[in-house]
>>> print(open('final36.txt').read())   # compact mmCIF, N, CA and C atoms
# COMPACT_ATOMS: atom_id res chain seq x y z
N ASP K 904 0.83 -1.18 0.00
CA ASP K 904 0.00 0.00 0.00
C ASP K 904 0.88 1.26 0.00
N TYR K 905 0.43 2.21 -0.78
CA TYR K 905 1.14 3.48 -0.85
C TYR K 905 0.23 4.58 -0.35
N LYS K 906 0.80 5.55 0.30
CA LYS K 906 0.05 6.70 0.77
C LYS K 906 0.57 7.91 0.02
N VAL K 907 -0.26 8.50 -0.83
CA VAL K 907 0.14 9.68 -1.59
C VAL K 907 -0.13 10.91 -0.75
N LEU K 908 0.89 11.71 -0.56
CA LEU K 908 0.77 12.92 0.25
C LEU K 908 0.80 14.14 -0.63
N PRO K 909 -0.22 15.00 -0.53
CA PRO K 909 -0.20 16.24 -1.34
C PRO K 909 0.87 17.18 -0.82
N LEU K 910 1.47 17.92 -1.72
CA LEU K 910 2.50 18.88 -1.38
C LEU K 910 2.08 20.26 -1.85
N GLU K 911 2.53 21.27 -1.16
CA GLU K 911 2.30 22.64 -1.60
C GLU K 911 3.57 23.14 -2.26
N GLY K 912 3.43 23.93 -3.29
CA GLY K 912 4.61 24.43 -3.96
C GLY K 912 4.32 25.72 -4.69
N ALA K 913 5.39 26.36 -5.12
CA ALA K 913 5.27 27.59 -5.88
C ALA K 913 6.28 27.58 -7.01
N LEU K 914 5.90 28.16 -8.11
CA LEU K 914 6.77 28.35 -9.25
C LEU K 914 7.45 29.69 -9.07
N LEU K 915 8.78 29.68 -9.01
CA LEU K 915 9.52 30.91 -8.76
C LEU K 915 10.36 31.27 -9.96
N SER K 916 10.48 32.55 -10.21
CA SER K 916 11.32 33.07 -11.29
C SER K 916 12.36 34.00 -10.67
N ARG K 917 13.59 33.90 -11.14
CA ARG K 917 14.65 34.79 -10.62
C ARG K 917 14.39 36.20 -11.13
N ASN K 918 14.43 37.16 -10.22
CA ASN K 918 14.21 38.55 -10.62
C ASN K 918 15.56 39.26 -10.82
N PRO K 919 15.56 40.44 -11.44
CA PRO K 919 16.81 41.13 -11.76
C PRO K 919 17.69 41.44 -10.54
N GLU K 920 17.08 41.54 -9.37
CA GLU K 920 17.85 41.84 -8.16
C GLU K 920 18.54 40.61 -7.59
N GLY K 921 18.30 39.43 -8.20
CA GLY K 921 18.93 38.20 -7.73
C GLY K 921 18.06 37.37 -6.80
N GLY K 922 16.91 37.91 -6.41
CA GLY K 922 15.98 37.16 -5.57
C GLY K 922 14.99 36.39 -6.44
N PHE K 923 13.91 35.94 -5.84
CA PHE K 923 12.91 35.17 -6.56
C PHE K 923 11.53 35.77 -6.37
N THR K 924 10.70 35.64 -7.40
CA THR K 924 9.33 36.10 -7.38
C THR K 924 8.43 34.92 -7.68
N SER K 925 7.38 34.73 -6.89
CA SER K 925 6.42 33.66 -7.15
C SER K 925 5.57 34.04 -8.35
N ILE K 926 5.50 33.13 -9.34
CA ILE K 926 4.69 33.40 -10.53
C ILE K 926 3.53 32.42 -10.68
N GLY K 927 3.34 31.56 -9.69
CA GLY K 927 2.20 30.66 -9.75
C GLY K 927 2.36 29.46 -8.84
N PRO K 928 1.24 28.80 -8.55
CA PRO K 928 1.29 27.60 -7.71
C PRO K 928 1.71 26.38 -8.51
N VAL K 929 2.18 25.37 -7.81
CA VAL K 929 2.53 24.08 -8.41
C VAL K 929 1.77 23.02 -7.63
N GLN K 930 1.10 22.12 -8.34
CA GLN K 930 0.44 21.00 -7.68
C GLN K 930 1.42 19.84 -7.68
N ALA K 931 1.51 19.16 -6.53
CA ALA K 931 2.45 18.05 -6.43
C ALA K 931 1.92 17.02 -5.43
N ALA K 932 2.42 15.81 -5.57
CA ALA K 932 2.12 14.73 -4.63
C ALA K 932 3.34 13.84 -4.57
N ARG K 933 3.50 13.16 -3.45
CA ARG K 933 4.66 12.29 -3.34
C ARG K 933 4.32 11.01 -2.59
N ASP K 934 5.06 10.00 -2.95
CA ASP K 934 5.15 8.76 -2.19
C ASP K 934 6.60 8.35 -2.37
N ARG K 935 6.87 7.38 -3.24
CA ARG K 935 8.25 7.06 -3.59
C ARG K 935 8.76 8.00 -4.68
N VAL K 936 7.82 8.55 -5.44
CA VAL K 936 8.13 9.45 -6.55
C VAL K 936 7.40 10.76 -6.31
N ILE K 937 8.02 11.87 -6.68
CA ILE K 937 7.33 13.16 -6.61
C ILE K 937 6.78 13.45 -8.00
N GLU K 938 5.49 13.74 -8.07
CA GLU K 938 4.86 14.12 -9.33
C GLU K 938 4.40 15.57 -9.21
N MET K 939 4.66 16.34 -10.28
CA MET K 939 4.30 17.75 -10.25
C MET K 939 3.55 18.13 -11.51
N ALA K 940 2.61 19.05 -11.35
CA ALA K 940 1.93 19.67 -12.48
C ALA K 940 2.42 21.11 -12.52
N ILE K 941 3.22 21.43 -13.51
CA ILE K 941 3.81 22.76 -13.61
C ILE K 941 3.06 23.55 -14.67
N PRO K 942 2.43 24.67 -14.30
CA PRO K 942 1.72 25.46 -15.30
C PRO K 942 2.71 26.15 -16.23
N MET K 943 2.52 26.00 -17.53
CA MET K 943 3.45 26.59 -18.50
C MET K 943 3.15 28.06 -18.79
N GLU K 944 1.89 28.45 -18.68
CA GLU K 944 1.49 29.83 -19.01
C GLU K 944 2.29 30.90 -18.26
N PRO K 945 2.44 30.79 -16.92
CA PRO K 945 3.19 31.84 -16.21
C PRO K 945 4.66 31.94 -16.64
N LEU K 946 5.20 30.90 -17.23
CA LEU K 946 6.60 30.93 -17.64
C LEU K 946 6.82 31.80 -18.87
N LYS K 947 5.76 31.99 -19.64
CA LYS K 947 5.84 32.79 -20.87
C LYS K 947 6.93 32.28 -21.82
N ALA K 948 7.15 30.97 -21.81
CA ALA K 948 8.13 30.35 -22.70
C ALA K 948 7.42 29.90 -23.97
N PRO K 949 7.95 30.22 -25.13
CA PRO K 949 7.32 29.81 -26.38
C PRO K 949 7.25 28.29 -26.52
N GLN K 950 6.18 27.83 -27.19
CA GLN K 950 6.02 26.40 -27.43
C GLN K 950 7.23 25.85 -28.17
N GLY K 951 7.65 24.67 -27.77
CA GLY K 951 8.77 24.02 -28.42
C GLY K 951 10.14 24.39 -27.85
N THR K 952 10.18 25.37 -26.94
CA THR K 952 11.47 25.73 -26.34
C THR K 952 11.73 24.82 -25.13
N ARG K 953 12.95 24.73 -24.74
CA ARG K 953 13.35 23.93 -23.59
C ARG K 953 13.55 24.85 -22.39
N ILE K 954 12.96 24.45 -21.26
CA ILE K 954 13.18 25.21 -20.03
C ILE K 954 14.01 24.35 -19.08
N PHE K 955 14.79 25.00 -18.27
CA PHE K 955 15.65 24.33 -17.31
C PHE K 955 15.22 24.75 -15.91
N PHE K 956 15.22 23.80 -14.98
CA PHE K 956 14.78 24.11 -13.63
C PHE K 956 15.36 23.14 -12.62
N VAL K 957 15.20 23.49 -11.35
CA VAL K 957 15.55 22.61 -10.24
C VAL K 957 14.33 22.50 -9.34
N VAL K 958 14.28 21.47 -8.56
CA VAL K 958 13.24 21.29 -7.55
C VAL K 958 13.93 21.36 -6.19
N GLU K 959 13.48 22.28 -5.36
CA GLU K 959 14.01 22.38 -4.02
C GLU K 959 12.93 21.97 -3.03
N VAL K 960 13.32 21.17 -2.06
CA VAL K 960 12.42 20.76 -0.98
C VAL K 960 12.80 21.59 0.24
N ARG K 961 11.84 22.38 0.69
CA ARG K 961 12.09 23.26 1.84
C ARG K 961 11.06 22.97 2.93
N ARG K 962 11.50 23.08 4.14
CA ARG K 962 10.61 22.94 5.28
C ARG K 962 10.88 24.11 6.22
N LYS K 963 9.83 24.87 6.50
CA LYS K 963 9.94 26.05 7.35
C LYS K 963 11.04 26.98 6.87
N GLY K 964 11.15 27.12 5.54
CA GLY K 964 12.09 28.04 4.95
C GLY K 964 13.52 27.53 4.80
N HIS K 965 13.79 26.34 5.29
CA HIS K 965 15.14 25.78 5.23
C HIS K 965 15.24 24.74 4.12
N LEU K 966 16.29 24.83 3.33
CA LEU K 966 16.51 23.89 2.23
C LEU K 966 16.84 22.51 2.79
N GLU K 967 16.03 21.49 2.42
CA GLU K 967 16.29 20.12 2.84
C GLU K 967 16.94 19.31 1.74
N ASP K 968 16.55 19.57 0.49
CA ASP K 968 17.13 18.81 -0.62
C ASP K 968 16.93 19.58 -1.91
N ARG K 969 17.69 19.19 -2.91
CA ARG K 969 17.62 19.82 -4.23
C ARG K 969 17.74 18.72 -5.27
N TYR K 970 16.89 18.77 -6.28
CA TYR K 970 16.93 17.78 -7.37
C TYR K 970 17.09 18.49 -8.69
N PRO K 971 18.02 18.15 -9.51
CA PRO K 971 19.15 17.29 -9.16
C PRO K 971 20.12 18.04 -8.26
N ARG K 972 20.97 17.33 -7.59
CA ARG K 972 21.91 17.98 -6.67
C ARG K 972 22.83 18.94 -7.40
N MET K 973 23.20 18.60 -8.64
CA MET K 973 24.02 19.48 -9.47
C MET K 973 23.36 19.57 -10.84
N GLY K 974 23.47 20.71 -11.49
CA GLY K 974 22.90 20.88 -12.81
C GLY K 974 21.42 21.20 -12.76
N PHE K 975 20.71 20.86 -13.83
CA PHE K 975 19.31 21.22 -13.97
C PHE K 975 18.51 20.08 -14.57
N LEU K 976 17.20 20.08 -14.34
CA LEU K 976 16.26 19.25 -15.07
C LEU K 976 15.84 20.07 -16.28
N SER K 977 15.36 19.42 -17.33
CA SER K 977 14.86 20.18 -18.48
C SER K 977 13.60 19.52 -19.01
N VAL K 978 12.78 20.35 -19.63
CA VAL K 978 11.55 19.87 -20.27
C VAL K 978 11.26 20.78 -21.45
N ASP K 979 10.70 20.21 -22.50
CA ASP K 979 10.29 21.00 -23.66
C ASP K 979 8.87 21.51 -23.43
N VAL K 980 8.65 22.78 -23.69
CA VAL K 980 7.31 23.35 -23.57
C VAL K 980 6.45 22.72 -24.66
N PRO K 981 5.34 22.07 -24.28
CA PRO K 981 4.54 21.36 -25.28
C PRO K 981 3.83 22.28 -26.26
N ALA K 982 3.57 21.74 -27.44
CA ALA K 982 2.80 22.45 -28.47
C ALA K 982 1.33 22.51 -28.05
N ALA K 983 0.58 23.38 -28.68
CA ALA K 983 -0.83 23.59 -28.34
C ALA K 983 -1.65 22.30 -28.46
N ASP K 984 -1.28 21.42 -29.39
CA ASP K 984 -2.05 20.19 -29.60
C ASP K 984 -1.48 18.99 -28.83
N PHE K 985 -0.66 19.22 -27.84
CA PHE K 985 -0.01 18.15 -27.09
C PHE K 985 -1.01 17.16 -26.51
N GLU K 986 -2.00 17.64 -25.76
CA GLU K 986 -2.96 16.72 -25.14
C GLU K 986 -3.76 15.96 -26.18
N GLU K 987 -4.13 16.62 -27.26
CA GLU K 987 -4.88 15.97 -28.33
C GLU K 987 -4.08 14.82 -28.93
N ARG K 988 -2.79 15.07 -29.18
CA ARG K 988 -1.92 14.04 -29.78
C ARG K 988 -1.64 12.90 -28.80
N MET K 989 -1.46 13.21 -27.52
CA MET K 989 -1.07 12.21 -26.55
C MET K 989 -2.24 11.37 -26.04
N TRP K 990 -3.45 11.91 -26.06
CA TRP K 990 -4.57 11.22 -25.45
C TRP K 990 -5.66 10.81 -26.43
N SER K 991 -5.39 10.87 -27.71
CA SER K 991 -6.42 10.44 -28.67
C SER K 991 -6.30 8.95 -28.90
N ALA K 992 -7.44 8.33 -29.17
CA ALA K 992 -7.46 6.87 -29.38
C ALA K 992 -7.18 6.51 -30.81
>>> encode(input="final36.txt", output="structure tokens")
Amino acid sequence: DYKVLPLEGALLSRNPEGGFTSIGPVQAARDRVIEMAIPMEPLKAPQGTRIFFVVEVRRKGHLEDRYPRMGFLSVDVPAADFEERMWSA
């Protein structure tokens, strides 16, 4: 049996002063794997471009872990017809 725990998160963008600004919520859940739904609209990244990011796990403002520990994760911003292509029978 697995127990899926909901997580709270925020999508942050680095601002010109070197700090971070929240640009939207992130839905997430975890058990053995962390799954996240990242909204693409607030990123303002054109379709087909690659974005790079890290996931930080914080508790009471203190950094507990970072994924990946070095470097970045990347994902391609999906095209407008992504769901249609992926979920059609």
>>> closest_residue(input="final36.txt", among="K:Trp990, K:Ala983, K:Phe975, K:Ala931", to="Val960 (chain K)", atoms="only C-alpha atoms")
K:Ala931
>>> atom_distance(input="final36.txt", atom1="CA of Leu966 (chain K)", atom2="CA of Phe923 (chain K)")
14.7 Å
>>> closest_residue(input="final36.txt", among="K:Val980, K:Arg969, K:Gln930, K:Arg935", to="Thr952 (chain K)", atoms="all atoms listed in the file")
K:Val980
>>> residues_around(input="final36.txt", residues="Pro942 (chain K)", least_positions_apart="4", cutoff="7 Å", atoms="all atoms listed in the file", output="PDB file with N, CA and C atoms, in the frame of the given file")
ATOM      1  N   PRO K 928       1.240  28.800  -8.550  1.00  0.00           N
ATOM      2  CA  PRO K 928       1.290  27.600  -7.710  1.00  0.00           C
ATOM      3  C   PRO K 928       1.710  26.380  -8.510  1.00  0.00           C
ATOM      4  N   VAL K 929       2.180  25.370  -7.810  1.00  0.00           N
ATOM      5  CA  VAL K 929       2.530  24.080  -8.410  1.00  0.00           C
ATOM      6  C   VAL K 929       1.770  23.020  -7.630  1.00  0.00           C
ATOM      7  N   GLN K 930       1.100  22.120  -8.340  1.00  0.00           N
ATOM      8  CA  GLN K 930       0.440  21.000  -7.680  1.00  0.00           C
ATOM      9  C   GLN K 930       1.420  19.840  -7.680  1.00  0.00           C
ATOM     10  N   LEU K 946       5.200  30.900 -17.230  1.00  0.00           N
ATOM     11  CA  LEU K 946       6.600  30.930 -17.640  1.00  0.00           C
ATOM     12  C   LEU K 946       6.820  31.800 -18.870  1.00  0.00           C
TER      13      LEU K 946
END
>>> select_by_dssp(input="final36.txt", residues="region 910-990 of chain K", states="helix (DSSP H, G or I)", output="MDAnalysis selection string")
chainID K and resid 944:946 985:990
>>> closest_residue(input="final36.txt", among="K:Gly927, K:Arg962, K:Arg988, K:Phe955", to="Gly974 (chain K)", atoms="all atoms listed in the file")
K:Phe955
>>> residues_around(input="final36.txt", residues="Pro945 (chain K)", least_positions_apart="4", cutoff="10 Å", atoms="only C-alpha atoms", output="list in words")
Leu914, Leu915, Ser916, Ser925, Ile926, Gly927, Pro928 and Ile941 of chain K
>>> atom_distance(input="final36.txt", atom1="CA of Asn918 (chain K)", atom2="CA of Ala940 (chain K)")
22.6 Å
>>> select_by_dssp(input="final36.txt", residues="chain K", states="strand (DSSP E or B)", output="VMD selection string")
chain K and resid 908 to 917 923 to 933 937 to 940 953 to 956 958 to 962 965 to 970 976 to 979
>>> write_last_selection(input="final36.txt", atoms="N, CA and C atoms", output="tab-separated table (two decimals), in the frame of the given file")
chain	number	residue	atom	x	y	z
K	908	LEU	N	0.89	11.71	-0.56
K	908	LEU	CA	0.77	12.92	0.25
K	908	LEU	C	0.80	14.14	-0.63
K	909	PRO	N	-0.22	15.00	-0.53
K	909	PRO	CA	-0.20	16.24	-1.34
K	909	PRO	C	0.87	17.18	-0.82
K	910	LEU	N	1.47	17.92	-1.72
K	910	LEU	CA	2.50	18.88	-1.38
K	910	LEU	C	2.08	20.26	-1.85
K	911	GLU	N	2.53	21.27	-1.16
K	911	GLU	CA	2.30	22.64	-1.60
K	911	GLU	C	3.57	23.14	-2.26
K	912	GLY	N	3.43	23.93	-3.29
K	912	GLY	CA	4.61	24.43	-3.96
K	912	GLY	C	4.32	25.72	-4.69
K	913	ALA	N	5.39	26.36	-5.12
K	913	ALA	CA	5.27	27.59	-5.88
K	913	ALA	C	6.28	27.58	-7.01
K	914	LEU	N	5.90	28.16	-8.11
K	914	LEU	CA	6.77	28.35	-9.25
K	914	LEU	C	7.45	29.69	-9.07
K	915	LEU	N	8.78	29.68	-9.01
K	915	LEU	CA	9.52	30.91	-8.76
K	915	LEU	C	10.36	31.27	-9.96
K	916	SER	N	10.48	32.55	-10.21
K	916	SER	CA	11.32	33.07	-11.29
K	916	SER	C	12.36	34.00	-10.67
K	917	ARG	N	13.59	33.90	-11.14
K	917	ARG	CA	14.65	34.79	-10.62
K	917	ARG	C	14.39	36.20	-11.13
K	923	PHE	N	13.91	35.94	-5.84
K	923	PHE	CA	12.91	35.17	-6.56
K	923	PHE	C	11.53	35.77	-6.37
K	924	THR	N	10.70	35.64	-7.40
K	924	THR	CA	9.33	36.10	-7.38
K	924	THR	C	8.43	34.92	-7.68
K	925	SER	N	7.38	34.73	-6.89
K	925	SER	CA	6.42	33.66	-7.15
K	925	SER	C	5.57	34.04	-8.35
K	926	ILE	N	5.50	33.13	-9.34
K	926	ILE	CA	4.69	33.40	-10.53
K	926	ILE	C	3.53	32.42	-10.68
K	927	GLY	N	3.34	31.56	-9.69
K	927	GLY	CA	2.20	30.66	-9.75
K	927	GLY	C	2.36	29.46	-8.84
K	928	PRO	N	1.24	28.80	-8.55
K	928	PRO	CA	1.29	27.60	-7.71
K	928	PRO	C	1.71	26.38	-8.51
K	929	VAL	N	2.18	25.37	-7.81
K	929	VAL	CA	2.53	24.08	-8.41
K	929	VAL	C	1.77	23.02	-7.63
K	930	GLN	N	1.10	22.12	-8.34
K	930	GLN	CA	0.44	21.00	-7.68
K	930	GLN	C	1.42	19.84	-7.68
K	931	ALA	N	1.51	19.16	-6.53
K	931	ALA	CA	2.45	18.05	-6.43
K	931	ALA	C	1.92	17.02	-5.43
K	932	ALA	N	2.42	15.81	-5.57
K	932	ALA	CA	2.12	14.73	-4.63
K	932	ALA	C	3.34	13.84	-4.57
K	933	ARG	N	3.50	13.16	-3.45
K	933	ARG	CA	4.66	12.29	-3.34
K	933	ARG	C	4.32	11.01	-2.59
K	937	ILE	N	8.02	11.87	-6.68
K	937	ILE	CA	7.33	13.16	-6.61
K	937	ILE	C	6.78	13.45	-8.00
K	938	GLU	N	5.49	13.74	-8.07
K	938	GLU	CA	4.86	14.12	-9.33
K	938	GLU	C	4.40	15.57	-9.21
K	939	MET	N	4.66	16.34	-10.28
K	939	MET	CA	4.30	17.75	-10.25
K	939	MET	C	3.55	18.13	-11.51
K	940	ALA	N	2.61	19.05	-11.35
K	940	ALA	CA	1.93	19.67	-12.48
K	940	ALA	C	2.42	21.11	-12.52
K	953	ARG	N	12.95	24.73	-24.74
K	953	ARG	CA	13.35	23.93	-23.59
K	953	ARG	C	13.55	24.85	-22.39
K	954	ILE	N	12.96	24.45	-21.26
K	954	ILE	CA	13.18	25.21	-20.03
K	954	ILE	C	14.01	24.35	-19.08
K	955	PHE	N	14.79	25.00	-18.27
K	955	PHE	CA	15.65	24.33	-17.31
K	955	PHE	C	15.22	24.75	-15.91
K	956	PHE	N	15.22	23.80	-14.98
K	956	PHE	CA	14.78	24.11	-13.63
K	956	PHE	C	15.36	23.14	-12.62
K	958	VAL	N	14.28	21.47	-8.56
K	958	VAL	CA	13.24	21.29	-7.55
K	958	VAL	C	13.93	21.36	-6.19
K	959	GLU	N	13.48	22.28	-5.36
K	959	GLU	CA	14.01	22.38	-4.02
K	959	GLU	C	12.93	21.97	-3.03
K	960	VAL	N	13.32	21.17	-2.06
K	960	VAL	CA	12.42	20.76	-0.98
K	960	VAL	C	12.80	21.59	0.24
K	961	ARG	N	11.84	22.38	0.69
K	961	ARG	CA	12.09	23.26	1.84
K	961	ARG	C	11.06	22.97	2.93
K	962	ARG	N	11.50	23.08	4.14
K	962	ARG	CA	10.61	22.94	5.28
K	962	ARG	C	10.88	24.11	6.22
K	965	HIS	N	13.79	26.34	5.29
K	965	HIS	CA	15.14	25.78	5.23
K	965	HIS	C	15.24	24.74	4.12
K	966	LEU	N	16.29	24.83	3.33
K	966	LEU	CA	16.51	23.89	2.23
K	966	LEU	C	16.84	22.51	2.79
K	967	GLU	N	16.03	21.49	2.42
K	967	GLU	CA	16.29	20.12	2.84
K	967	GLU	C	16.94	19.31	1.74
K	968	ASP	N	16.55	19.57	0.49
K	968	ASP	CA	17.13	18.81	-0.62
K	968	ASP	C	16.93	19.58	-1.91
K	969	ARG	N	17.69	19.19	-2.91
K	969	ARG	CA	17.62	19.82	-4.23
K	969	ARG	C	17.74	18.72	-5.27
K	970	TYR	N	16.89	18.77	-6.28
K	970	TYR	CA	16.93	17.78	-7.37
K	970	TYR	C	17.09	18.49	-8.69
K	976	LEU	N	17.20	20.08	-14.34
K	976	LEU	CA	16.26	19.25	-15.07
K	976	LEU	C	15.84	20.07	-16.28
K	977	SER	N	15.36	19.42	-17.33
K	977	SER	CA	14.86	20.18	-18.48
K	977	SER	C	13.60	19.52	-19.01
K	978	VAL	N	12.78	20.35	-19.63
K	978	VAL	CA	11.55	19.87	-20.27
K	978	VAL	C	11.26	20.78	-21.45
K	979	ASP	N	10.70	20.21	-22.50
K	979	ASP	CA	10.29	21.00	-23.66
K	979	ASP	C	8.87	21.51	-23.43
>>> atom_distance(input="final36.txt", atom1="CA of Ala948 (chain K)", atom2="atom N of Pro981 (chain K)")
8.9 Å
>>> residues_around(input="final36.txt", residues="Pro971 (chain K)", least_positions_apart="3", cutoff="8 Å", atoms="only N, CA and C atoms", output="VMD selection string")
chain K and resid 956 to 959 968 974 to 976
>>> write_last_selection(input="final36.txt", atoms="N, CA and C atoms", output="PDB file, in the frame of the given file")
ATOM      1  N   PHE K 956      15.220  23.800 -14.980  1.00  0.00           N
ATOM      2  CA  PHE K 956      14.780  24.110 -13.630  1.00  0.00           C
ATOM      3  C   PHE K 956      15.360  23.140 -12.620  1.00  0.00           C
ATOM      4  N   VAL K 957      15.200  23.490 -11.350  1.00  0.00           N
ATOM      5  CA  VAL K 957      15.550  22.610 -10.240  1.00  0.00           C
ATOM      6  C   VAL K 957      14.330  22.500  -9.340  1.00  0.00           C
ATOM      7  N   VAL K 958      14.280  21.470  -8.560  1.00  0.00           N
ATOM      8  CA  VAL K 958      13.240  21.290  -7.550  1.00  0.00           C
ATOM      9  C   VAL K 958      13.930  21.360  -6.190  1.00  0.00           C
ATOM     10  N   GLU K 959      13.480  22.280  -5.360  1.00  0.00           N
ATOM     11  CA  GLU K 959      14.010  22.380  -4.020  1.00  0.00           C
ATOM     12  C   GLU K 959      12.930  21.970  -3.030  1.00  0.00           C
ATOM     13  N   ASP K 968      16.550  19.570   0.490  1.00  0.00           N
ATOM     14  CA  ASP K 968      17.130  18.810  -0.620  1.00  0.00           C
ATOM     15  C   ASP K 968      16.930  19.580  -1.910  1.00  0.00           C
ATOM     16  N   GLY K 974      23.470  20.710 -11.490  1.00  0.00           N
ATOM     17  CA  GLY K 974      22.900  20.880 -12.810  1.00  0.00           C
ATOM     18  C   GLY K 974      21.420  21.200 -12.760  1.00  0.00           C
ATOM     19  N   PHE K 975      20.710  20.860 -13.830  1.00  0.00           N
ATOM     20  CA  PHE K 975      19.310  21.220 -13.970  1.00  0.00           C
ATOM     21  C   PHE K 975      18.510  20.080 -14.570  1.00  0.00           C
ATOM     22  N   LEU K 976      17.200  20.080 -14.340  1.00  0.00           N
ATOM     23  CA  LEU K 976      16.260  19.250 -15.070  1.00  0.00           C
ATOM     24  C   LEU K 976      15.840  20.070 -16.280  1.00  0.00           C
TER      25      LEU K 976
END
